[in-house]
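Before any comments, here is the structure.
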Amino acid sequence: MSIKLEQLHKSYGSDPIVRNVSLEVNTGELFVLLGASGSGKSTLLRLIAGLITPDSGRVFLNDRDVTYLPTQKRGTGFVFQNYSLFRHMTVGENIGFGLSIRRVGQSERTDRVNELLQLIGLAGYGDRFPAQLSGGQQQRVALARALAYQPNVLLLDEPFGALDVKIRAQLRQSLRDIQQKLGVTAILVTHDQEEAFDIADRIGVIERGELLEVGTPSDLYQRPQNLFTATFLGTANLLTGRRNGSTVYVGDARLPAPPHTDHLRGQPVQLVCRPEELTLFTSRENAEGEVIGGGVVDSISFAGHLIRVNVLLQGQGDSPRILQALLTPSDARDLALHDGQEVWVSVRDYHLLPQTEIPSGAVSS
Amino acid sequence: MREISPRSPVAIVLIIVVVAYAGLLFIAPLVAILQGAFADGLEPVLAVFTDPRVQHAFQVTLILSLIATAINAVFGLIAAWVLVRGKFRGKKLFDALVDIPFVFSPVIAGYALIVLFGRDGWLAPPIFSIVFALPGILLAKVFVSVPFVIREVQPVLDALTPEQEEAAYTIGATRFTTFRRVILPEIWTALLYGIVLTFARAIGEFGAVSVVSGNIEGYTETATSFVFRALNDRNDVGGYSVSVVLCLISLVILVLMSFLRGRIVRRGN
């Protein structure tokens, strides 16, 4: 186990920023901490690096308790959002800084620096100054600087936050490649779910200082255990219902209960389904799959390579719900959809959560 | 603001006024001093500098100015650090008080030192005397040149993000190494500029020094007080010659300053 956190807690004044977070990150894993700004994700990263001391709880790196060890002795590699390169040092000197502190000899240092420059695709840039490089190049150098002394773990605080979209996608792929190649355990902090899905082995969702849920990207997306996760990661259609026996009752519809939801037997539940799991039909007769009801098309919009259709669902008791469906352009053409059209909605894959106060309908962050 | 085209009559008049003003203020005195010193040829000038009292006065001035500069370089660096990174009550007040030597009349500062450290003063020294002795001169020089290093270094430190330090810590650098290899190189030029200004001020100070030192010939007399006495004694060649040397030192400082300022501007871009 490369990183283990036990009940870490930190507050500033009376505001808890990180609340009793426990987490284990496996050796060689790329773990992404995903949360909105102010969720406490950066504070958590700083606690691991020792830039902040926790109020309570413990931090273990490679099974060693480092909770009260100063930053300098923890051997972490840290990459900051704003690169934080040393401006008066050349690229080579920046990368070699950790080695010179560890009194590594000149020739070995030069070899290692060149090796790293090669790794980050900046061979031959060693004599330039940071100001002569682009943002993306500077962040590569910052990564190499953090890797040079073979750190226990690599910690990255919104490393691509200051870069434009295209560079960002390229850079995270090369980060993933480098991390895999070296087998270094890494925690990356971001607010960008696309980024998280793209590179993470596992994702931890953090909100108001609490680590809500940890899982692989597909687990978190398809079977979230938590309403915040369900709505924070992409768009979720939420419908209230009740699970009785092995059936879920939603409005007038009855659906078979999905597997692994026996603990919700006899309880009010929240049915969660993703927009791409909804199918629309023009009549009740030819509707296939698990039909949840009829409604009228409320709006149709263009969402890049897919068509987003909002359907006002009828017969849901107290108030009608808007559901969101994503259709391929050809499916949408076949249905000849238009506003106000009557449609039937069926659902392919869905998931149950215990019911809470959150409003239903199509919800996204 | 509207720009004045360089060939308009207004511009020409303004340029003439500025140049004439500067000439009258800076160049004319320099020429006058040089002319006065060498009016009777080189020999009387050389005679002045073989006078042991003159040599002593220069020694006192240079050595004490260097010590004062060293003290203020160290103190100024620490004070700038505390003002930028420290969090304490009364920080704003302290920040404002730093400029006191700029606004205080040096004569009053000297007088205050006498009141404090004189024979019946609150802080009268028990072993060696301060007032009317060399330590008093040093104190006066230190006092009048306190703000320079602080005011030069402070904004540069302020512009350094804490992430640079944090990065160094995570890489494994101790606080001292971080200061020496990460922070000092960033503030080095500003610090040097502050040191040069401090030295210039320390060497040229007359008011506070002359009050606190008592101008004792061959003991506490500095180069500037020698010039003042020479004036009173109608020792024209002496006064002029010492002034020429002081002017030369100032010129060297001026060149150094414009070189350093060039470096600061280039780094800023």
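Chain labels run A, B, ... following the order of the structure tokens; each chain numbers its residues from 1, and ligands are numbered from 1 in the order shown.
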
Original post:
Looking only at the backbone, which of the residues in segment 329-360 of chain A does DSSP tag as strand (DSSP E), as a PyMOL selection string?
Top reply: chain A and resi 342-347+351-354

**OP:** Give me the residues within 7 Å of Gly110 of chain B as a list of chain:residue names, counting only C-alpha atoms and dropping any in the same chain fewer than 3 places off.
**Re:** B:Pro106, B:Val107, B:Leu113, B:Ile114, B:Ala140, B:Ala208, B:Val209, B:Val211, B:Val212

Counting only C-alpha atoms, what are the residues of segment 299-342 of chain A within 9 Å of segment 269-285 of chain A, and for each of them which pair of atoms is the nearest and at what distance in Å, to one decimal? Sort the table by chain and rising number, as a Markdown table.
| residue | atom | partner | partner_atom | distance |
| --- | --- | --- | --- | --- |
| A:Arg308 | CA | A:Pro275 | CA | 8.4 |
| A:Leu323 | CA | A:Pro275 | CA | 7.8 |
| A:Gln324 | CA | A:Pro275 | CA | 5.3 |
| A:Ala325 | CA | A:Pro275 | CA | 4.3 |
| A:Leu326 | CA | A:Glu276 | CA | 4.8 |
| A:Leu327 | CA | A:Glu276 | CA | 6.9 |
| A:Asp331 | CA | A:Leu280 | CA | 9.0 |
| A:Ala332 | CA | A:Leu280 | CA | 8.9 |
| A:Leu335 | CA | A:Thr282 | CA | 6.8 |
| A:Leu337 | CA | A:Thr282 | CA | 8.8 |
| A:Gln341 | CA | A:Thr282 | CA | 8.4 |
| A:Glu342 | CA | A:Thr282 | CA | 6.7 |

Subject >> Exercise answer, chain A residues close to chain B, 6 Å and only C-alpha atoms, as a PyMOL selection string >> reply: chain A and resi 71-72+84+98

**OP:** Using atom CA of Arg321 of chain A and atom CA of Leu239 of chain A as the two end points, give the distance in Å to one decimal.
**Re:**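 A separation of 8.1 Å between them.
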
**OP:** Could you pull out the residues in segment 97-265 of chain B that DSSP calls helix (DSSP H, G or I) from the backbone, as a PyMOL selection string?
**Re:** chain B and resi 97+100-103+106-117+134-144+147-159+162-171+175-204+207-213+223-232+236-265

Original post:
Could you name the residues that touch segment 232-246 of chain B at 9 Å or less, counting only C-alpha atoms, but leaving out those on the same chain fewer than 4 positions away, as a ChimeraX atom specification?
Top reply: /B:30,32-40,44-49,54,58,203-204,223-224,226-228,250-251

**OP:** Skip segment 157-159 of chain B itself and residues of its chain fewer than 6 positions away, then list as number ranges by chain all residues within 9 Å of it, counting only C-alpha atoms.
**Re:** B: 80-81, 84-85, 183, 186-187

Original post:
Could you state the separation of atom CA of Leu116 of chain A and atom CA of Gln173 of chain A in Å, given to one decimal place?
Top reply: 16.9 Å

Residues near segment 143-154 of chain A, anyone? I mean within 8 Å using only C-alpha atoms, not counting same-chain ones fewer than 5 positions away, as an mmCIF file with C-alpha atoms, in the first residue's frame.
data_model
loop_
_atom_site.group_PDB
_atom_site.id
_atom_site.type_symbol
_atom_site.label_atom_id
_atom_site.label_comp_id
_atom_site.auth_asym_id
_atom_site.auth_seq_id
_atom_site.Cartn_x
_atom_site.Cartn_y
_atom_site.Cartn_z
ATOM 1 C CA SER A 2 1.697 3.182 -1.140
ATOM 2 C CA ILE A 3 -0.594 5.745 0.423
ATOM 3 C CA LEU A 61 3.544 6.461 2.839
ATOM 4 C CA ASN A 62 4.879 3.002 1.923
ATOM 5 C CA ARG A 74 8.549 12.617 2.999
ATOM 6 C CA GLY A 75 10.024 12.151 -0.448
ATOM 7 C CA THR A 76 6.930 13.138 -2.370
ATOM 8 C CA GLY A 77 6.952 14.661 -5.831
ATOM 9 C CA PHE A 78 4.542 17.587 -6.041
ATOM 10 C CA VAL A 79 3.335 19.293 -9.213
ATOM 11 C CA ASN A 94 15.346 22.714 -12.298
ATOM 12 C CA ILE A 95 15.100 19.010 -13.010
ATOM 13 C CA GLY A 96 18.414 18.287 -11.289
ATOM 14 C CA PHE A 97 17.579 20.344 -8.171
ATOM 15 C CA GLY A 98 16.375 17.363 -6.138
ATOM 16 C CA LEU A 99 19.457 15.374 -7.139
ATOM 17 C CA ARG A 112 19.509 11.453 -15.152
ATOM 18 C CA VAL A 113 18.439 14.930 -16.329
ATOM 19 C CA LEU A 116 14.083 12.723 -17.955
ATOM 20 C CA LEU A 117 14.205 15.338 -20.728
ATOM 21 C CA ILE A 120 9.014 14.262 -21.263
ATOM 22 C CA VAL A 184 4.898 5.419 -9.687
ATOM 23 C CA THR A 185 1.892 5.766 -7.383
ATOM 24 C CA ALA A 186 0.117 9.037 -8.066
ATOM 25 C CA ILE A 187 -2.751 11.123 -6.775
ATOM 26 C CA ILE B 171 11.814 18.302 -3.395
#

**OP:** Considering only C-alpha atoms, return as JSON, numbers by chain whatever protein or nucleic-acid residues lie within 10 Å of segment 349-353 of chain A, sequence-local ones (same chain, fewer than 4 positions apart) excluded.
**Re:** {"A": [222, 223, 224, 225, 226, 227, 230, 237, 238, 239, 240, 241, 242, 243, 248, 255, 257, 258, 259, 260, 261, 264, 268, 269, 270, 271, 272, 273, 274, 276, 277, 278, 289, 290]}

Please produce an output containing C-alpha atoms for each residue in the selection, written as a PDB file, in the first residue's frame.
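The result, written out as result34.pdb:
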ATOM      1  CA  GLN A 222     -23.003   3.251 -13.775  1.00  0.00           C
ATOM      2  CA  ARG A 223     -23.591   2.304 -10.155  1.00  0.00           C
ATOM      3  CA  PRO A 224     -23.023   5.346  -7.969  1.00  0.00           C
ATOM      4  CA  GLN A 225     -23.740   4.706  -4.290  1.00  0.00           C
ATOM      5  CA  ASN A 226     -24.429   8.293  -3.596  1.00  0.00           C
ATOM      6  CA  LEU A 227     -26.790  10.855  -5.094  1.00  0.00           C
ATOM      7  CA  ALA A 230     -24.728  10.329  -9.489  1.00  0.00           C
ATOM      8  CA  ASN A 237     -32.400  11.095 -14.533  1.00  0.00           C
ATOM      9  CA  LEU A 238     -33.916  10.620 -11.091  1.00  0.00           C
ATOM     10  CA  LEU A 239     -37.338   9.139 -10.422  1.00  0.00           C
ATOM     11  CA  THR A 240     -38.855   8.398  -7.048  1.00  0.00           C
ATOM     12  CA  GLY A 241     -40.366   4.980  -6.468  1.00  0.00           C
ATOM     13  CA  ARG A 242     -40.581   2.066  -4.130  1.00  0.00           C
ATOM     14  CA  ARG A 243     -39.028  -1.366  -4.156  1.00  0.00           C
ATOM     15  CA  VAL A 248     -39.667  -1.402  -8.465  1.00  0.00           C
ATOM     16  CA  LEU A 255     -39.673  -2.569 -13.409  1.00  0.00           C
ATOM     17  CA  ALA A 257     -35.319  -4.617  -9.422  1.00  0.00           C
ATOM     18  CA  PRO A 258     -31.686  -4.470 -10.532  1.00  0.00           C
ATOM     19  CA  PRO A 259     -29.208  -6.896  -8.906  1.00  0.00           C
ATOM     20  CA  HIS A 260     -27.385  -5.987  -5.662  1.00  0.00           C
ATOM     21  CA  THR A 261     -30.273  -3.845  -4.376  1.00  0.00           C
ATOM     22  CA  LEU A 264     -33.465  -1.543  -0.336  1.00  0.00           C
ATOM     23  CA  PRO A 268     -38.752   4.212  -0.962  1.00  0.00           C
ATOM     24  CA  VAL A 269     -36.030   4.460  -3.596  1.00  0.00           C
ATOM     25  CA  GLN A 270     -34.533   6.794  -6.152  1.00  0.00           C
ATOM     26  CA  LEU A 271     -34.291   5.307  -9.630  1.00  0.00           C
ATOM     27  CA  VAL A 272     -31.186   6.574 -11.417  1.00  0.00           C
ATOM     28  CA  CYS A 273     -30.675   6.245 -15.157  1.00  0.00           C
ATOM     29  CA  ARG A 274     -28.315   7.952 -17.569  1.00  0.00           C
ATOM     30  CA  GLU A 276     -28.033   7.446 -23.020  1.00  0.00           C
ATOM     31  CA  GLU A 277     -29.909   4.523 -21.410  1.00  0.00           C
ATOM     32  CA  LEU A 278     -33.317   5.921 -22.362  1.00  0.00           C
ATOM     33  CA  GLY A 289     -37.807  -2.836 -22.958  1.00  0.00           C
ATOM     34  CA  GLU A 290     -38.824  -1.568 -19.535  1.00  0.00           C
TER      35      GLU A 290
END

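Between atom CA of Ala169 of chain A and atom CA of Glu210 of chain A there is a distance of 28.1 Å.
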
Quick one: residues within 8 Å of Thr67 of chain A, only C-alpha atoms counted, chain neighbours fewer than 2 positions away excluded, as a CSV table (one decimal) with C-alpha atoms, in the first residue's frame?
chain,number,residue,atom,x,y,z
A,50,GLY,CA,3.2,17.6,4.7
A,53,THR,CA,-0.3,19.4,9.4
A,54,PRO,CA,-3.6,17.6,10.2
A,57,GLY,CA,-5.6,11.4,11.8
A,58,ARG,CA,-2.6,9.7,10.2
A,59,VAL,CA,-0.7,9.6,6.9
A,60,PHE,CA,1.2,6.5,5.8
A,65,ASP,CA,3.8,6.8,9.5
A,69,LEU,CA,7.5,14.1,9.4
